[in-house]
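A.B. asks: One file: my_file.cif (mmCIF, C-alpha atoms).
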```cif
data_run
#
loop_
_atom_site.label_atom_id
_atom_site.label_comp_id
_atom_site.auth_asym_id
_atom_site.auth_seq_id
_atom_site.Cartn_x
_atom_site.Cartn_y
_atom_site.Cartn_z
CA MET A 4 -1.51 -25.37 82.58
CA SER A 5 -4.97 -23.94 83.09
CA LYS A 6 -7.36 -25.45 85.60
CA ILE A 7 -10.09 -24.95 83.01
CA ALA A 8 -10.98 -27.91 80.77
CA LEU A 9 -13.07 -27.54 77.65
CA GLY A 10 -16.30 -29.48 77.28
CA THR A 11 -17.29 -30.32 73.72
CA VAL A 12 -20.93 -31.34 73.96
CA GLN A 13 -21.90 -28.10 72.15
CA PHE A 14 -19.67 -29.14 69.26
CA GLY A 15 -21.91 -32.11 68.53
CA VAL A 16 -25.39 -31.16 69.76
CA ASP A 17 -27.50 -28.15 70.75
CA TYR A 18 -27.09 -28.16 74.52
CA GLY A 19 -27.95 -26.06 77.58
CA ILE A 20 -30.87 -24.01 78.79
CA ASN A 21 -29.00 -20.81 77.95
CA SER A 22 -27.92 -21.87 74.46
CA ILE A 23 -28.54 -19.19 71.86
CA ASN A 24 -26.62 -20.22 68.78
CA GLY A 25 -27.22 -23.98 68.98
CA LYS A 26 -24.63 -26.43 67.76
CA VAL A 27 -21.24 -24.79 67.20
CA SER A 28 -20.10 -24.45 63.59
CA TYR A 29 -16.98 -26.18 62.26
CA ARG A 30 -15.19 -22.87 61.77
CA GLU A 31 -16.05 -21.69 65.28
CA VAL A 32 -14.79 -24.96 66.79
CA GLU A 33 -11.47 -24.33 65.06
CA LYS A 34 -11.32 -20.83 66.58
CA ILE A 35 -12.22 -22.13 70.04
CA LEU A 36 -9.50 -24.78 69.98
CA HIS A 37 -6.93 -22.22 68.84
CA CYS A 38 -8.01 -19.89 71.63
CA ALA A 39 -7.83 -22.74 74.16
CA ARG A 40 -4.19 -23.30 73.28
CA ILE A 41 -3.41 -19.62 73.80
CA TYR A 42 -4.83 -19.86 77.33
CA ASN A 43 -2.94 -23.08 78.07
CA ILE A 44 -6.08 -25.19 78.27
CA ASP A 45 -4.80 -28.73 77.85
CA MET A 46 -7.85 -30.97 78.28
CA LEU A 47 -10.94 -31.70 76.16
CA ASP A 48 -13.95 -33.63 77.42
CA THR A 49 -16.08 -35.52 74.93
CA ALA A 50 -18.30 -38.60 74.57
CA PRO A 51 -19.92 -40.78 71.91
CA ALA A 52 -23.26 -39.44 73.15
CA TYR A 53 -22.28 -35.91 72.11
CA GLY A 54 -23.44 -36.25 68.52
CA ASN A 55 -20.49 -36.06 66.14
CA SER A 56 -18.20 -34.34 68.66
CA GLU A 57 -15.52 -37.05 68.56
CA GLN A 58 -15.46 -37.18 64.76
CA LEU A 59 -15.29 -33.40 64.61
CA LEU A 60 -12.40 -33.21 67.05
CA GLY A 61 -10.57 -35.85 65.04
CA ASN A 62 -10.56 -33.47 62.08
CA PHE A 63 -8.32 -31.10 64.00
CA LYS A 64 -4.77 -31.68 65.19
CA ILE A 65 -5.52 -32.21 68.88
CA GLN A 66 -2.47 -34.25 69.85
CA ASP A 67 -1.45 -31.45 72.23
CA PHE A 68 -4.65 -31.90 74.26
CA GLU A 69 -5.43 -34.54 76.85
CA ILE A 70 -8.73 -36.27 76.05
CA VAL A 71 -11.40 -37.62 78.38
CA THR A 72 -14.17 -39.62 76.73
CA LYS A 73 -16.97 -41.83 78.02
CA THR A 74 -18.82 -45.09 77.64
CA ARG A 75 -22.33 -45.52 76.29
CA HIS A 76 -25.37 -45.86 78.56
CA PHE A 77 -26.21 -49.54 78.77
CA GLU A 78 -29.95 -50.13 78.50
CA CYS A 79 -30.03 -53.30 80.55
CA ASP A 80 -30.38 -54.52 84.12
CA ILE A 81 -27.47 -56.96 83.99
CA ILE A 82 -24.08 -56.39 82.36
CA THR A 83 -23.35 -59.36 80.13
CA ASP A 84 -20.64 -60.24 77.61
CA GLN A 85 -22.78 -58.55 74.95
CA GLU A 86 -22.41 -55.18 76.72
CA ILE A 87 -18.67 -55.73 77.01
CA ARG A 88 -18.43 -56.37 73.26
CA LEU A 89 -20.20 -53.05 72.74
CA LEU A 90 -17.83 -51.37 75.18
CA VAL A 91 -14.78 -52.66 73.32
CA ARG A 92 -16.23 -51.54 70.00
CA ASP A 93 -17.04 -48.10 71.38
CA ILE A 94 -13.58 -47.51 72.87
CA ASN A 95 -11.88 -48.54 69.64
CA GLN A 96 -14.26 -46.35 67.65
CA SER A 97 -13.59 -43.36 69.91
CA LEU A 98 -9.85 -43.76 69.43
CA GLU A 99 -10.38 -44.03 65.68
CA PHE A 100 -12.65 -40.97 65.52
CA LEU A 101 -10.29 -38.93 67.70
CA LYS A 102 -7.27 -40.20 65.76
CA ARG A 103 -5.54 -41.04 69.01
CA LYS A 104 -3.54 -44.04 70.17
CA SER A 105 -4.67 -43.42 73.73
CA VAL A 106 -6.78 -41.10 75.87
CA TYR A 107 -6.19 -39.54 79.27
CA GLY A 108 -9.31 -41.10 80.73
CA VAL A 109 -12.54 -42.96 80.11
CA LEU A 110 -15.54 -42.30 82.32
CA VAL A 111 -18.48 -44.65 82.74
CA HIS A 112 -21.00 -42.14 81.45
CA ASN A 113 -23.98 -43.62 83.26
CA ALA A 114 -22.47 -44.28 86.68
CA ASP A 115 -25.40 -46.51 87.57
CA ASP A 116 -23.96 -49.01 85.08
CA LEU A 117 -21.29 -49.64 87.73
CA LEU A 118 -24.00 -50.51 90.23
CA LYS A 119 -25.65 -53.19 88.09
CA LEU A 120 -25.20 -56.93 88.43
CA GLY A 121 -22.12 -57.83 86.42
CA ALA A 122 -20.64 -54.32 86.61
CA GLU A 123 -17.22 -55.79 87.40
CA LYS A 124 -17.10 -56.86 83.73
CA ILE A 125 -17.05 -53.19 82.70
CA PHE A 126 -14.36 -52.26 85.18
CA ASN A 127 -12.22 -55.27 84.35
CA LYS A 128 -12.36 -54.55 80.64
CA LEU A 129 -11.41 -50.93 81.23
CA GLN A 130 -8.53 -52.18 83.36
CA GLU A 131 -7.36 -54.26 80.41
CA PHE A 132 -7.41 -51.16 78.20
CA LYS A 133 -5.45 -49.31 80.87
CA GLN A 134 -2.83 -52.06 81.06
CA GLN A 135 -2.51 -51.91 77.26
CA GLY A 136 -1.78 -48.18 77.48
CA LEU A 137 -4.96 -47.16 75.65
CA ILE A 138 -6.49 -45.52 78.74
CA GLY A 139 -4.66 -43.49 81.34
CA LYS A 140 -7.37 -43.28 84.00
CA ILE A 141 -10.65 -45.08 84.68
CA GLY A 142 -13.46 -43.05 86.12
CA ALA A 143 -17.16 -42.34 86.38
CA SER A 144 -19.49 -39.45 85.67
CA ILE A 145 -21.41 -38.96 88.90
CA TYR A 146 -24.76 -37.32 89.69
CA SER A 147 -25.27 -37.92 93.42
CA ILE A 148 -23.31 -38.37 96.62
CA ASN A 149 -24.90 -41.78 97.27
CA GLN A 150 -23.96 -42.95 93.79
CA LEU A 151 -20.39 -41.78 94.29
CA GLN A 152 -20.07 -43.48 97.67
CA LYS A 153 -21.28 -46.82 96.33
CA ILE A 154 -18.92 -46.72 93.38
CA ILE A 155 -15.77 -45.85 95.30
CA ASP A 156 -16.67 -48.51 97.87
CA ASN A 157 -16.67 -51.14 95.12
CA PHE A 158 -14.18 -49.98 92.50
CA ASP A 159 -10.70 -48.50 92.64
CA ILE A 160 -11.34 -45.68 90.19
CA ASP A 161 -8.78 -43.01 89.30
CA LEU A 162 -11.00 -40.18 88.18
CA VAL A 163 -14.42 -38.75 88.92
CA GLN A 164 -16.44 -36.07 87.17
CA LEU A 165 -19.30 -34.57 89.11
CA PRO A 166 -21.61 -31.57 89.29
CA PHE A 167 -20.46 -28.64 91.39
CA ASN A 168 -21.44 -25.00 91.62
CA ILE A 169 -21.64 -22.10 94.00
CA LEU A 170 -25.10 -23.13 95.27
CA ASP A 171 -24.18 -26.78 95.78
CA ARG A 172 -22.21 -27.64 98.94
CA ARG A 173 -23.02 -31.34 99.16
CA LEU A 174 -19.46 -32.43 98.43
CA ILE A 175 -18.10 -30.09 101.07
CA ASN A 176 -20.68 -30.77 103.77
CA ASN A 177 -20.37 -34.53 103.33
CA ASP A 178 -16.55 -34.47 103.45
CA MET A 179 -16.49 -36.07 100.00
CA PHE A 180 -13.68 -33.85 98.76
CA LYS A 181 -11.59 -35.03 101.69
CA LEU A 182 -12.39 -38.69 101.02
CA LEU A 183 -11.58 -38.42 97.31
CA LYS A 184 -8.24 -36.82 98.12
CA GLU A 185 -7.43 -39.59 100.62
CA ARG A 186 -8.09 -42.18 97.92
CA ASN A 187 -6.04 -40.28 95.35
CA ILE A 188 -9.04 -39.88 93.02
CA GLU A 189 -8.70 -36.99 90.59
CA VAL A 190 -11.69 -34.61 90.62
CA HIS A 191 -13.15 -32.88 87.59
CA VAL A 192 -16.29 -30.77 88.03
CA ARG A 193 -18.99 -29.78 85.58
CA SER A 194 -22.17 -27.69 85.64
CA VAL A 195 -20.50 -24.74 87.39
CA PHE A 196 -23.00 -22.49 85.58
CA LEU A 197 -25.86 -24.93 86.30
CA GLN A 198 -26.36 -25.19 82.51
CA GLY A 199 -26.46 -21.39 82.29
CA LEU A 200 -29.16 -20.91 84.92
CA LEU A 201 -26.80 -19.09 87.29
CA LEU A 202 -25.78 -16.65 84.56
CA MET A 203 -29.32 -15.56 83.69
CA ALA A 204 -30.74 -12.18 84.55
CA LYS A 205 -33.82 -12.27 86.81
CA GLN A 206 -36.21 -11.46 83.98
CA ASP A 207 -34.80 -14.18 81.71
CA ARG A 208 -35.01 -17.08 84.14
CA PRO A 209 -37.90 -19.44 83.25
CA LYS A 210 -40.91 -19.15 85.58
CA LYS A 211 -40.68 -22.80 86.57
CA PHE A 212 -37.66 -21.87 88.69
CA SER A 213 -39.66 -19.33 90.74
CA ARG A 214 -39.93 -21.96 93.48
CA TRP A 215 -36.44 -20.80 94.50
CA ASP A 216 -37.15 -17.05 94.28
CA ASN A 217 -35.74 -16.47 97.76
CA LEU A 218 -32.45 -18.06 96.71
CA TRP A 219 -32.31 -16.05 93.49
CA THR A 220 -32.89 -12.84 95.47
CA ILE A 221 -29.97 -13.59 97.79
CA TRP A 222 -27.84 -14.51 94.75
CA HIS A 223 -28.48 -11.32 92.80
CA GLU A 224 -28.20 -9.05 95.85
CA TRP A 225 -24.86 -10.64 96.80
CA LEU A 226 -23.53 -10.15 93.25
CA MET A 227 -24.62 -6.50 93.27
CA ASP A 228 -23.33 -5.75 96.77
CA ASN A 229 -19.90 -7.15 95.89
CA ASN A 230 -19.70 -5.73 92.39
CA ILE A 231 -19.00 -9.13 90.90
CA THR A 232 -20.64 -10.72 87.88
CA ALA A 233 -22.32 -14.12 87.90
CA LEU A 234 -19.67 -15.39 85.48
CA GLU A 235 -16.82 -14.20 87.69
CA ALA A 236 -18.41 -15.66 90.83
CA THR A 237 -19.23 -19.10 89.40
CA ILE A 238 -15.85 -19.63 87.75
CA ARG A 239 -13.71 -18.28 90.59
CA TYR A 240 -15.61 -20.24 93.23
CA ALA A 241 -14.78 -23.51 91.47
CA THR A 242 -11.21 -22.77 90.39
CA ARG A 243 -10.20 -21.67 93.89
CA MET A 244 -11.01 -25.11 95.33
CA PRO A 245 -7.69 -26.98 95.84
CA GLU A 246 -9.46 -30.36 95.72
CA ILE A 247 -10.57 -29.76 92.13
CA SER A 248 -8.13 -30.60 89.32
CA LYS A 249 -10.22 -29.43 86.37
CA VAL A 250 -13.24 -27.17 85.98
CA LEU A 251 -15.18 -28.20 82.90
CA ILE A 252 -16.85 -25.47 80.88
CA GLY A 253 -18.67 -25.42 77.57
CA VAL A 254 -18.71 -22.46 75.22
CA ASP A 255 -20.50 -21.61 71.99
CA SER A 256 -17.85 -19.28 70.59
CA LYS A 257 -14.27 -18.08 70.81
CA LYS A 258 -15.58 -14.84 72.30
CA GLN A 259 -17.26 -16.72 75.14
CA LEU A 260 -14.07 -18.60 75.93
CA GLN A 261 -12.09 -15.36 75.95
CA GLU A 262 -14.61 -13.83 78.36
CA VAL A 263 -14.38 -16.80 80.71
CA MET A 264 -10.59 -16.91 80.71
CA ALA A 265 -10.30 -13.16 81.21
CA ILE A 266 -12.16 -13.35 84.52
CA SER A 267 -11.23 -16.87 85.70
CA SER A 268 -8.76 -15.58 88.28
CA GLY A 269 -9.20 -12.75 90.72
CA SER A 270 -10.59 -11.93 94.13
CA PHE A 271 -13.58 -13.76 95.55
CA PRO A 272 -15.71 -12.09 98.24
CA GLU A 273 -17.11 -13.87 101.27
CA PHE A 274 -20.59 -15.10 100.54
CA PRO A 275 -23.58 -15.60 102.85
CA ASN A 276 -24.18 -18.94 104.53
CA GLU A 277 -27.73 -19.05 103.21
CA LEU A 278 -26.51 -18.97 99.60
CA TYR A 279 -26.91 -22.69 98.99
CA THR A 280 -29.47 -25.44 98.47
CA ASN A 281 -29.57 -29.22 98.76
CA ASP A 282 -32.69 -29.44 96.60
CA THR A 283 -31.87 -31.87 93.79
CA ASP A 284 -34.91 -30.64 91.84
CA LEU A 285 -32.78 -27.58 91.15
CA LEU A 286 -29.26 -28.98 91.34
CA ASN A 287 -29.88 -31.90 88.98
CA PRO A 288 -31.00 -30.65 85.54
CA VAL A 289 -32.45 -34.10 84.80
CA ASN A 290 -35.23 -33.15 87.22
CA TRP A 291 -36.10 -29.87 85.52
CA ILE A 292 -38.50 -31.53 83.12
CA LYS A 293 -40.75 -32.29 86.09
CA LEU A 294 -40.97 -28.68 87.25
#
```
Take the structure in this file and express it as structure tokens.
C.D. replies:
Amino acid sequence: MSKIALGTVQFGVDYGINSINGKVSYREVEKILHCARIYNIDMLDTAPAYGNSEQLLGNFKIQDFEIVTKTRHFECDIITDQEIRLLVRDINQSLEFLKRKSVYGVLVHNADDLLKLGAEKIFNKLQEFKQQGLIGKIGASIYSINQLQKIIDNFDIDLVQLPFNILDRRLINNDMFKLLKERNIEVHVRSVFLQGLLLMAKQDRPKKFSRWDNLWTIWHEWLMDNNITALEATIRYATRMPEISKVLIGVDSKKQLQEVMAISSGSFPEFPNELYTNDTDLLNPVNWIKL
């Protein structure tokens, strides 16, 4: 099966800095799913927060796909029985929308929820669902190394989804990939295109990102010198990592998916040591609003 997994946030909402067509139409979703099968893509990633993505997917026969969904963000400081009632309702609703008896995994969408007082209530309830056969793996959607470390120190999770791209070496430099492998935690990565920022031509990149002009210069010169496209480089860099089980991508059309799959394997040139940053103002899109 393909190492590529298909993200579905675009199916339910207009998403991404590089989005042109907005929310994907019903007909185009059907074409994308058909194309995914042709390329042996066997996993879909969704969430209740992705608009009507789960309901939409449930309208198609997706029993041949593995499904990863997520919990809601809990707007509270302490996890109480009320939040757990909401969690139970949400999981049951996701299964109903998706028309599934079980899902491959459930991620705590806001990983900080697992760092709140009473967080063990969330994990314990998810464990109950797992024991009932409704959930295959329990995991978390991570945004930072510190967040990840705290969670795996406190909970025996099975699955983690985290940001990773060609400019971001935090997981490598901090030996996190090694630690996750030692603990038998499956790794899925997202944001390999940095929400489309890495795929933009120089002239199209918003001016607020000019703070990293030196990095962009190195990036574009390396691409040109090695006769490789940004799409080829970003995808191949992630898929070649043995520690990564799935590389999550989102597409707006069947054509986009075909383009990605056509170049997902191939040679990858050596890249310069200076082609990286630890600056979370760039690496975490949540921070872009402050730029």
A.B. asks: As a list in words, please: the residues near Lys140 of chain A (cut-off 7 Å, all atoms listed in the file, same-chain neighbours under 5 positions excluded).
C.D. replies: Tyr107, Gly108, Val109, Asp161 and Leu162 of chain A
A.B. asks: Need the neighbours of (-23.4, -56.6, 74.1): which residues are at most 12 Å away, counting only C-alpha atoms, as a list in words?
C.D. replies: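 Residues with an atom at most 12 Å from (-23.4, -56.6, 74.1): Arg75, His76, Phe77, Glu78, Cys79, Ile81, Ile82, Thr83, Asp84, Gln85, Glu86, Ile87, Arg88, Leu89, Leu90, Val91, Arg92, Asp93, Lys124 and Ile125 of chain A.
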A.B. asks: Just the number, please: distance in Å from atom CA of Trp291 of chain A to atom CA of Pro209 of chain A, one decimal.
C.D. replies: 10.8 Å
A.B. asks: Evaluate the PyMOL selection byres ((chain A and resi 127) around 12) on the structure here and hand back the selected residues as a PDB file with C-alpha atoms, in the frame of the given file.
C.D. replies:
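Saved the output as result.pdb:
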```
ATOM      1  CA  ASP A  84     -20.640 -60.240  77.610  1.00  0.00           C
ATOM      2  CA  ILE A  87     -18.670 -55.730  77.010  1.00  0.00           C
ATOM      3  CA  LEU A  90     -17.830 -51.370  75.180  1.00  0.00           C
ATOM      4  CA  VAL A  91     -14.780 -52.660  73.320  1.00  0.00           C
ATOM      5  CA  LEU A 117     -21.290 -49.640  87.730  1.00  0.00           C
ATOM      6  CA  GLY A 121     -22.120 -57.830  86.420  1.00  0.00           C
ATOM      7  CA  ALA A 122     -20.640 -54.320  86.610  1.00  0.00           C
ATOM      8  CA  GLU A 123     -17.220 -55.790  87.400  1.00  0.00           C
ATOM      9  CA  LYS A 124     -17.100 -56.860  83.730  1.00  0.00           C
ATOM     10  CA  ILE A 125     -17.050 -53.190  82.700  1.00  0.00           C
ATOM     11  CA  PHE A 126     -14.360 -52.260  85.180  1.00  0.00           C
ATOM     12  CA  LYS A 128     -12.360 -54.550  80.640  1.00  0.00           C
ATOM     13  CA  LEU A 129     -11.410 -50.930  81.230  1.00  0.00           C
ATOM     14  CA  GLN A 130      -8.530 -52.180  83.360  1.00  0.00           C
ATOM     15  CA  GLU A 131      -7.360 -54.260  80.410  1.00  0.00           C
ATOM     16  CA  PHE A 132      -7.410 -51.160  78.200  1.00  0.00           C
ATOM     17  CA  LYS A 133      -5.450 -49.310  80.870  1.00  0.00           C
ATOM     18  CA  GLN A 134      -2.830 -52.060  81.060  1.00  0.00           C
ATOM     19  CA  ILE A 141     -10.650 -45.080  84.680  1.00  0.00           C
ATOM     20  CA  PHE A 158     -14.180 -49.980  92.500  1.00  0.00           C
ATOM     21  CA  ASP A 159     -10.700 -48.500  92.640  1.00  0.00           C
ATOM     22  CA  ILE A 160     -11.340 -45.680  90.190  1.00  0.00           C
TER      23      ILE A 160
END
```
A.B. asks: Under the rule that all atoms listed in the file are counted, which of A:Ser105, A:Asn290, A:Ser248, A:Asn157 is the nearest residue to Met4 of chain A?
C.D. replies: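 Going through A:Ser105, A:Asn290, A:Ser248, A:Asn157 one by one, the smallest distance to Met4 of chain A is for A:Ser248.
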A.B. asks: For a quick check of understanding, using all atoms listed in the file, which of A:Asn281, A:Ser28, A:Ser56, A:Gln152 has the smallest distance to Lys257 of chain A?
C.D. replies: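 Looking at the shortest contact to Lys257 of chain A, the residue is A:Ser28.
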A.B. asks: When the PyMOL selection byres ((chain A and resi 52) around 10) is applied to the file above, which residues end up in the set, as a VMD selection string?
C.D. replies: chain A and resid 12 15 to 16 49 to 51 53 to 57 72 to 76 112
